[in-house]
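Participant: Structure: entry_21.cif, mmCIF, N, CA and C atoms.
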data_coords
#
loop_
_atom_site.label_atom_id
_atom_site.label_comp_id
_atom_site.auth_asym_id
_atom_site.auth_seq_id
_atom_site.Cartn_x
_atom_site.Cartn_y
_atom_site.Cartn_z
N MET A 14 -82.39 -60.34 -6.74
CA MET A 14 -83.05 -59.09 -7.09
C MET A 14 -83.45 -59.14 -8.57
N ARG A 15 -84.66 -58.78 -8.83
CA ARG A 15 -85.18 -58.77 -10.19
C ARG A 15 -84.51 -57.66 -10.99
N ASN A 16 -84.20 -57.97 -12.22
CA ASN A 16 -83.57 -56.99 -13.10
C ASN A 16 -84.66 -56.07 -13.65
N GLU A 17 -84.62 -54.81 -13.27
CA GLU A 17 -85.67 -53.88 -13.69
C GLU A 17 -85.36 -53.19 -15.02
N PHE A 18 -84.24 -53.54 -15.62
CA PHE A 18 -83.87 -52.92 -16.88
C PHE A 18 -84.07 -53.86 -18.07
N LEU A 19 -83.73 -55.13 -17.91
CA LEU A 19 -83.88 -56.10 -18.99
C LEU A 19 -84.93 -57.14 -18.61
N SER A 20 -85.73 -57.56 -19.57
CA SER A 20 -86.73 -58.60 -19.31
C SER A 20 -86.02 -59.94 -19.12
N GLU A 21 -86.72 -60.88 -18.51
CA GLU A 21 -86.15 -62.21 -18.27
C GLU A 21 -85.80 -62.91 -19.59
N LYS A 22 -86.67 -62.75 -20.58
CA LYS A 22 -86.45 -63.37 -21.88
C LYS A 22 -85.18 -62.81 -22.54
N LEU A 23 -85.03 -61.51 -22.49
CA LEU A 23 -83.87 -60.87 -23.09
C LEU A 23 -82.60 -61.24 -22.33
N LEU A 24 -82.68 -61.27 -21.02
CA LEU A 24 -81.55 -61.66 -20.19
C LEU A 24 -81.12 -63.09 -20.49
N SER A 25 -82.09 -63.97 -20.65
CA SER A 25 -81.81 -65.37 -20.97
C SER A 25 -81.11 -65.47 -22.33
N LYS A 26 -81.59 -64.72 -23.29
CA LYS A 26 -80.99 -64.74 -24.63
C LYS A 26 -79.55 -64.24 -24.58
N LEU A 27 -79.31 -63.18 -23.81
CA LEU A 27 -77.96 -62.63 -23.68
C LEU A 27 -77.02 -63.62 -23.00
N GLU A 28 -77.53 -64.32 -21.99
CA GLU A 28 -76.71 -65.31 -21.30
C GLU A 28 -76.37 -66.48 -22.23
N ASN A 29 -77.30 -66.88 -23.07
CA ASN A 29 -77.03 -67.95 -24.05
C ASN A 29 -75.98 -67.50 -25.06
N LEU A 30 -76.07 -66.27 -25.52
CA LEU A 30 -75.08 -65.75 -26.46
C LEU A 30 -73.71 -65.62 -25.79
N GLU A 31 -73.72 -65.28 -24.52
CA GLU A 31 -72.47 -65.20 -23.76
C GLU A 31 -71.80 -66.58 -23.69
N LYS A 32 -72.60 -67.60 -23.41
CA LYS A 32 -72.07 -68.98 -23.38
C LYS A 32 -71.52 -69.37 -24.75
N ARG A 33 -72.25 -69.04 -25.80
CA ARG A 33 -71.81 -69.37 -27.16
C ARG A 33 -70.49 -68.70 -27.48
N TYR A 34 -70.36 -67.43 -27.10
CA TYR A 34 -69.12 -66.68 -27.34
C TYR A 34 -67.95 -67.35 -26.62
N LEU A 35 -68.15 -67.73 -25.37
CA LEU A 35 -67.08 -68.37 -24.60
C LEU A 35 -66.71 -69.73 -25.19
N GLU A 36 -67.71 -70.49 -25.65
CA GLU A 36 -67.44 -71.77 -26.30
C GLU A 36 -66.60 -71.58 -27.57
N LEU A 37 -66.97 -70.57 -28.35
CA LEU A 37 -66.23 -70.30 -29.59
C LEU A 37 -64.80 -69.88 -29.29
N GLN A 38 -64.64 -69.05 -28.26
CA GLN A 38 -63.30 -68.62 -27.86
C GLN A 38 -62.44 -69.83 -27.50
N GLU A 39 -63.04 -70.76 -26.78
CA GLU A 39 -62.33 -71.96 -26.36
C GLU A 39 -61.95 -72.81 -27.57
N LYS A 40 -62.87 -72.95 -28.53
CA LYS A 40 -62.58 -73.73 -29.74
C LYS A 40 -61.44 -73.10 -30.54
N ILE A 41 -61.49 -71.80 -30.68
CA ILE A 41 -60.48 -71.10 -31.47
C ILE A 41 -59.11 -71.15 -30.77
N ALA A 42 -59.11 -71.19 -29.45
CA ALA A 42 -57.86 -71.25 -28.71
C ALA A 42 -57.11 -72.56 -28.97
N ASN A 43 -57.84 -73.61 -29.34
CA ASN A 43 -57.24 -74.91 -29.66
C ASN A 43 -57.49 -75.24 -31.13
N PRO A 44 -56.68 -74.70 -32.03
CA PRO A 44 -56.93 -74.91 -33.47
C PRO A 44 -56.87 -76.38 -33.91
N GLN A 45 -56.18 -77.25 -33.14
CA GLN A 45 -56.13 -78.66 -33.54
C GLN A 45 -57.50 -79.32 -33.44
N ASN A 46 -58.44 -78.72 -32.68
CA ASN A 46 -59.80 -79.26 -32.57
C ASN A 46 -60.67 -78.90 -33.78
N ILE A 47 -60.19 -77.95 -34.58
CA ILE A 47 -60.96 -77.48 -35.73
C ILE A 47 -60.48 -78.24 -36.96
N GLY A 48 -61.43 -78.72 -37.74
CA GLY A 48 -61.13 -79.58 -38.88
C GLY A 48 -60.31 -78.92 -39.98
N ASN A 49 -60.73 -77.76 -40.44
CA ASN A 49 -60.03 -77.14 -41.57
C ASN A 49 -60.03 -75.63 -41.45
N ALA A 50 -59.34 -74.98 -42.37
CA ALA A 50 -59.21 -73.53 -42.33
C ALA A 50 -60.54 -72.83 -42.56
N LEU A 51 -61.39 -73.43 -43.36
CA LEU A 51 -62.70 -72.82 -43.65
C LEU A 51 -63.57 -72.78 -42.39
N GLU A 52 -63.55 -73.86 -41.64
CA GLU A 52 -64.29 -73.90 -40.38
C GLU A 52 -63.72 -72.90 -39.38
N PHE A 53 -62.39 -72.80 -39.34
CA PHE A 53 -61.73 -71.84 -38.45
C PHE A 53 -62.15 -70.41 -38.81
N GLN A 54 -62.18 -70.14 -40.10
CA GLN A 54 -62.59 -68.81 -40.58
C GLN A 54 -64.03 -68.51 -40.19
N LYS A 55 -64.89 -69.51 -40.34
CA LYS A 55 -66.31 -69.35 -39.99
C LYS A 55 -66.47 -69.06 -38.49
N LEU A 56 -65.74 -69.82 -37.66
CA LEU A 56 -65.81 -69.62 -36.21
C LEU A 56 -65.25 -68.26 -35.81
N SER A 57 -64.16 -67.85 -36.45
CA SER A 57 -63.56 -66.55 -36.15
C SER A 57 -64.52 -65.41 -36.50
N LYS A 58 -65.23 -65.58 -37.60
CA LYS A 58 -66.20 -64.56 -38.02
C LYS A 58 -67.35 -64.47 -37.00
N GLU A 59 -67.81 -65.63 -36.53
CA GLU A 59 -68.89 -65.63 -35.54
C GLU A 59 -68.44 -64.99 -34.23
N VAL A 60 -67.19 -65.26 -33.82
CA VAL A 60 -66.65 -64.64 -32.61
C VAL A 60 -66.60 -63.13 -32.77
N ALA A 61 -66.15 -62.67 -33.93
CA ALA A 61 -66.07 -61.23 -34.19
C ALA A 61 -67.45 -60.58 -34.14
N GLU A 62 -68.46 -61.29 -34.63
CA GLU A 62 -69.81 -60.75 -34.61
C GLU A 62 -70.37 -60.66 -33.19
N LEU A 63 -69.99 -61.61 -32.34
CA LEU A 63 -70.51 -61.65 -30.97
C LEU A 63 -69.69 -60.82 -29.98
N GLU A 64 -68.49 -60.41 -30.39
CA GLU A 64 -67.58 -59.76 -29.44
C GLU A 64 -68.14 -58.48 -28.84
N GLU A 65 -68.66 -57.59 -29.65
CA GLU A 65 -69.19 -56.33 -29.13
C GLU A 65 -70.37 -56.58 -28.19
N LEU A 66 -71.23 -57.51 -28.56
CA LEU A 66 -72.37 -57.87 -27.72
C LEU A 66 -71.88 -58.42 -26.38
N TYR A 67 -70.91 -59.31 -26.43
CA TYR A 67 -70.35 -59.91 -25.22
C TYR A 67 -69.75 -58.84 -24.30
N ASN A 68 -68.93 -57.95 -24.87
CA ASN A 68 -68.29 -56.90 -24.07
C ASN A 68 -69.32 -55.95 -23.46
N THR A 69 -70.33 -55.60 -24.23
CA THR A 69 -71.38 -54.71 -23.72
C THR A 69 -72.16 -55.40 -22.60
N PHE A 70 -72.44 -56.69 -22.76
CA PHE A 70 -73.17 -57.43 -21.73
C PHE A 70 -72.34 -57.55 -20.45
N GLN A 71 -71.03 -57.74 -20.59
CA GLN A 71 -70.16 -57.80 -19.41
C GLN A 71 -70.17 -56.46 -18.67
N GLN A 72 -70.10 -55.40 -19.43
CA GLN A 72 -70.16 -54.05 -18.85
C GLN A 72 -71.50 -53.85 -18.13
N TYR A 73 -72.58 -54.27 -18.78
CA TYR A 73 -73.91 -54.16 -18.19
C TYR A 73 -73.98 -54.94 -16.87
N LYS A 74 -73.47 -56.17 -16.88
CA LYS A 74 -73.53 -57.00 -15.67
C LYS A 74 -72.74 -56.37 -14.52
N ASN A 75 -71.59 -55.79 -14.82
CA ASN A 75 -70.79 -55.13 -13.78
C ASN A 75 -71.54 -53.94 -13.19
N LEU A 76 -72.12 -53.11 -14.05
CA LEU A 76 -72.87 -51.96 -13.56
C LEU A 76 -74.11 -52.39 -12.78
N PHE A 77 -74.77 -53.44 -13.25
CA PHE A 77 -75.97 -53.90 -12.55
C PHE A 77 -75.59 -54.46 -11.17
N GLU A 78 -74.44 -55.10 -11.06
CA GLU A 78 -73.97 -55.60 -9.77
C GLU A 78 -73.74 -54.42 -8.80
N GLN A 79 -73.14 -53.35 -9.29
CA GLN A 79 -72.94 -52.15 -8.48
C GLN A 79 -74.29 -51.56 -8.05
N TYR A 80 -75.24 -51.58 -8.99
CA TYR A 80 -76.58 -51.07 -8.72
C TYR A 80 -77.25 -51.88 -7.60
N LYS A 81 -77.13 -53.22 -7.69
CA LYS A 81 -77.72 -54.09 -6.66
C LYS A 81 -77.08 -53.84 -5.30
N GLU A 82 -75.76 -53.67 -5.27
CA GLU A 82 -75.07 -53.41 -4.01
C GLU A 82 -75.55 -52.09 -3.39
N ALA A 83 -75.70 -51.08 -4.22
CA ALA A 83 -76.18 -49.78 -3.72
C ALA A 83 -77.61 -49.90 -3.19
N LYS A 84 -78.45 -50.66 -3.89
CA LYS A 84 -79.82 -50.88 -3.43
C LYS A 84 -79.83 -51.60 -2.08
N SER A 85 -78.97 -52.60 -1.92
CA SER A 85 -78.94 -53.34 -0.65
C SER A 85 -78.43 -52.46 0.49
N ILE A 86 -77.52 -51.54 0.18
CA ILE A 86 -77.06 -50.60 1.22
C ILE A 86 -78.22 -49.74 1.68
N ILE A 87 -79.02 -49.25 0.75
CA ILE A 87 -80.17 -48.42 1.09
C ILE A 87 -81.16 -49.21 1.95
N ASP A 88 -81.38 -50.48 1.60
CA ASP A 88 -82.36 -51.29 2.32
C ASP A 88 -81.87 -51.76 3.69
N ASN A 89 -80.57 -51.97 3.84
CA ASN A 89 -80.06 -52.62 5.05
C ASN A 89 -79.23 -51.74 5.99
N GLU A 90 -78.82 -50.57 5.53
CA GLU A 90 -77.97 -49.72 6.36
C GLU A 90 -78.79 -48.73 7.17
N SER A 91 -78.18 -48.29 8.27
CA SER A 91 -78.82 -47.26 9.08
C SER A 91 -78.04 -45.95 9.05
N ASP A 92 -76.83 -45.99 8.54
CA ASP A 92 -75.98 -44.80 8.45
C ASP A 92 -76.48 -43.91 7.31
N GLU A 93 -76.94 -42.71 7.68
CA GLU A 93 -77.54 -41.78 6.71
C GLU A 93 -76.53 -41.35 5.64
N GLU A 94 -75.29 -41.17 6.03
CA GLU A 94 -74.28 -40.73 5.07
C GLU A 94 -74.03 -41.81 4.01
N LEU A 95 -73.98 -43.06 4.45
CA LEU A 95 -73.79 -44.18 3.53
C LEU A 95 -74.99 -44.34 2.60
N ILE A 96 -76.18 -44.14 3.14
CA ILE A 96 -77.40 -44.22 2.33
C ILE A 96 -77.41 -43.11 1.27
N ALA A 97 -76.97 -41.92 1.67
CA ALA A 97 -76.92 -40.80 0.72
C ALA A 97 -75.93 -41.10 -0.41
N LEU A 98 -74.80 -41.69 -0.07
CA LEU A 98 -73.82 -42.06 -1.10
C LEU A 98 -74.39 -43.13 -2.04
N ALA A 99 -75.10 -44.09 -1.47
CA ALA A 99 -75.70 -45.15 -2.28
C ALA A 99 -76.77 -44.57 -3.21
N LYS A 100 -77.58 -43.64 -2.72
CA LYS A 100 -78.60 -43.01 -3.57
C LYS A 100 -77.96 -42.22 -4.71
N GLU A 101 -76.85 -41.57 -4.42
CA GLU A 101 -76.12 -40.81 -5.45
C GLU A 101 -75.56 -41.76 -6.51
N GLU A 102 -75.05 -42.90 -6.04
CA GLU A 102 -74.51 -43.89 -6.98
C GLU A 102 -75.61 -44.45 -7.87
N ILE A 103 -76.77 -44.73 -7.29
CA ILE A 103 -77.90 -45.24 -8.07
C ILE A 103 -78.32 -44.20 -9.10
N LYS A 104 -78.34 -42.95 -8.69
CA LYS A 104 -78.71 -41.87 -9.60
C LYS A 104 -77.76 -41.82 -10.80
N ASN A 105 -76.48 -42.12 -10.56
CA ASN A 105 -75.49 -42.11 -11.65
C ASN A 105 -75.55 -43.39 -12.49
N LEU A 106 -75.89 -44.50 -11.86
CA LEU A 106 -75.89 -45.79 -12.56
C LEU A 106 -77.11 -45.99 -13.46
N LYS A 107 -78.26 -45.46 -13.05
CA LYS A 107 -79.49 -45.68 -13.82
C LYS A 107 -79.38 -45.26 -15.29
N PRO A 108 -78.89 -44.04 -15.59
CA PRO A 108 -78.79 -43.66 -17.01
C PRO A 108 -77.79 -44.54 -17.78
N GLN A 109 -76.70 -44.94 -17.11
CA GLN A 109 -75.72 -45.81 -17.77
C GLN A 109 -76.33 -47.17 -18.09
N LEU A 110 -77.10 -47.70 -17.15
CA LEU A 110 -77.76 -48.99 -17.37
C LEU A 110 -78.79 -48.89 -18.49
N LYS A 111 -79.55 -47.80 -18.51
CA LYS A 111 -80.55 -47.60 -19.57
C LYS A 111 -79.86 -47.52 -20.94
N GLU A 112 -78.74 -46.80 -20.99
CA GLU A 112 -78.00 -46.66 -22.24
C GLU A 112 -77.47 -48.01 -22.73
N LEU A 113 -76.95 -48.81 -21.80
CA LEU A 113 -76.45 -50.13 -22.16
C LEU A 113 -77.59 -51.06 -22.56
N GLU A 114 -78.74 -50.91 -21.93
CA GLU A 114 -79.92 -51.70 -22.29
C GLU A 114 -80.29 -51.44 -23.75
N ILE A 115 -80.33 -50.18 -24.13
CA ILE A 115 -80.67 -49.80 -25.50
C ILE A 115 -79.62 -50.34 -26.47
N LYS A 116 -78.36 -50.22 -26.10
CA LYS A 116 -77.27 -50.71 -26.96
C LYS A 116 -77.37 -52.22 -27.15
N LEU A 117 -77.67 -52.94 -26.07
CA LEU A 117 -77.81 -54.39 -26.15
C LEU A 117 -78.96 -54.79 -27.08
N LYS A 118 -80.07 -54.08 -26.96
CA LYS A 118 -81.21 -54.37 -27.82
C LYS A 118 -80.87 -54.13 -29.29
N LEU A 119 -80.12 -53.06 -29.56
CA LEU A 119 -79.72 -52.77 -30.94
C LEU A 119 -78.75 -53.83 -31.47
N LEU A 120 -77.86 -54.29 -30.61
CA LEU A 120 -76.90 -55.32 -31.03
C LEU A 120 -77.58 -56.67 -31.28
N LEU A 121 -78.73 -56.88 -30.67
CA LEU A 121 -79.46 -58.13 -30.85
C LEU A 121 -80.31 -58.16 -32.12
N LEU A 122 -80.49 -56.99 -32.73
CA LEU A 122 -81.27 -56.96 -33.97
C LEU A 122 -80.61 -57.84 -35.02
N PRO A 123 -81.41 -58.58 -35.78
CA PRO A 123 -80.81 -59.46 -36.79
C PRO A 123 -80.07 -58.66 -37.86
N LYS A 124 -78.96 -59.22 -38.28
CA LYS A 124 -78.15 -58.58 -39.32
C LYS A 124 -78.73 -58.95 -40.68
N ASP A 125 -78.66 -58.02 -41.60
CA ASP A 125 -79.09 -58.27 -42.97
C ASP A 125 -77.93 -58.92 -43.72
N GLU A 126 -78.18 -60.06 -44.35
CA GLU A 126 -77.09 -60.77 -45.03
C GLU A 126 -76.51 -59.96 -46.19
N ARG A 127 -77.24 -58.98 -46.67
CA ARG A 127 -76.74 -58.16 -47.76
C ARG A 127 -75.76 -57.09 -47.29
N ASP A 128 -75.66 -56.89 -45.96
CA ASP A 128 -74.76 -55.87 -45.43
C ASP A 128 -73.30 -56.11 -45.81
N GLU A 129 -72.91 -57.35 -45.95
CA GLU A 129 -71.52 -57.68 -46.21
C GLU A 129 -71.18 -57.71 -47.70
N LYS A 130 -72.17 -57.58 -48.55
CA LYS A 130 -71.93 -57.64 -49.99
C LYS A 130 -71.50 -56.28 -50.51
N ASN A 131 -70.77 -56.30 -51.61
CA ASN A 131 -70.31 -55.07 -52.24
C ASN A 131 -71.43 -54.44 -53.05
N VAL A 132 -71.32 -53.15 -53.24
CA VAL A 132 -72.33 -52.44 -54.02
C VAL A 132 -71.62 -51.40 -54.87
N ILE A 133 -72.16 -51.16 -56.04
CA ILE A 133 -71.64 -50.10 -56.89
C ILE A 133 -72.73 -49.04 -56.98
N LEU A 134 -72.37 -47.85 -56.65
CA LEU A 134 -73.33 -46.73 -56.64
C LEU A 134 -72.92 -45.75 -57.71
N GLU A 135 -73.82 -45.47 -58.63
CA GLU A 135 -73.54 -44.51 -59.70
C GLU A 135 -74.39 -43.27 -59.46
N ILE A 136 -73.70 -42.16 -59.41
CA ILE A 136 -74.39 -40.88 -59.20
C ILE A 136 -74.35 -40.11 -60.52
N ARG A 137 -75.51 -39.75 -61.00
CA ARG A 137 -75.59 -39.04 -62.28
C ARG A 137 -76.10 -37.62 -62.06
N ALA A 138 -75.71 -36.78 -62.98
CA ALA A 138 -76.14 -35.39 -62.91
C ALA A 138 -77.57 -35.27 -63.38
#
Can I see the file as structure tokens?
Facilitator:
Amino acid sequence: MRNEFLSEKLLSKLENLEKRYLELQEKIANPQNIGNALEFQKLSKEVAELEELYNTFQQYKNLFEQYKEAKSIIDNESDEELIALAKEEIKNLKPQLKELEIKLKLLLLPKDERDEKNVILEIRA
């Protein structure tokens, strides 16, 4: 079933980031594979940056799977009561999927390297 919420390009990018996150998790789980503390720190920072994106994408995939199941019930079932329940579920899932789509797009925006730097703000009268 085609994903009607995320484009193929965006879905592909999210799947690549998901793979990267899992690879990093695996590397960090075995610290003897990491050369030095600086590299470990760098990998940990990258994992932390990807974690929210990964969790949101997992949540999105779970909801989309429920959405697909409800759609297949509507297409393949003859029981009117079951179809009505599936339509109700789709009605509830669509706004959640749209919200997660927007959140994923925001999380994919490039970070400004100056965000992590300190700043001194002077307020004068």
Participant: For segment 36-43 of chain A, find every residue with an atom within 7 Å (counting only C-alpha atoms), except residues of its own chain fewer than 3 positions away, and show them as a PyMOL selection string.
Facilitator: chain A and resi 32-33+46+56+60
Participant: What is the atom CA of Asn49 of chain A-atom CA of Glu65 of chain A distance in Å, reported with one decimal?
Facilitator: 25.9 Å
Participant: Counting only C-alpha atoms, which residue out of A:Gln45, A:Ser20, A:Gln79, A:Asn29 sits closest to Lys118 of chain A?
Facilitator: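 Among the listed residues, A:Ser20 lies closest to Lys118 of chain A.
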Participant: Would you please extract all alpha helix (DSSP H) residues from chain A, as assigned by DSSP on the backbone, and give them as a count of residues only?
Facilitator: 91
Participant: Can you work out the spacing between atom N of Glu64 of chain A and atom C of Leu121 of chain A in Å, to one decimal?
Facilitator: 12.2 Å
Participant: Using only C-alpha atoms, which of A:Lys130, A:Lys74, A:Lys84, A:Lys124 sits nearest Lys104 of chain A?
Facilitator: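 Under the stated criterion, the closest residue is A:Lys84.
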Participant: Could you tell me how far atom CA of Asn105 of chain A lies from atom N of Tyr80 of chain A, in Å and to one decimal?
Facilitator: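 Atom-to-atom, atom CA of Asn105 of chain A and atom N of Tyr80 of chain A are spaced 9.8 Å apart.
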Participant: Find the residue from A:Glu62, A:Asp88, A:Leu95, A:Leu110 that sits nearest to Leu76 of chain A; use only N, CA and C atoms when measuring.
Facilitator: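 Ranking A:Glu62, A:Asp88, A:Leu95, A:Leu110 by distance to Leu76 of chain A, first place goes to A:Leu110.
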Participant: Report, as lines of an AutoDock Vina configuration file, the centre and edge lengths in Å (one decimal) of the axis-aligned box enclosing every listed atom of segment 98-110 of chain A, padded by 4 Å on each side.
Facilitator:
center_x = -76.7
center_y = -44.9
center_z = -9.3
size_x = 13.7
size_y = 16.2
size_z = 26.4
Participant: Taking only N, CA and C atoms into account, which of A:Leu66, A:Leu122, A:Phe77, A:Arg137 comes nearest Leu106 of chain A?
Facilitator: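 Under the stated criterion, the closest residue is A:Phe77.
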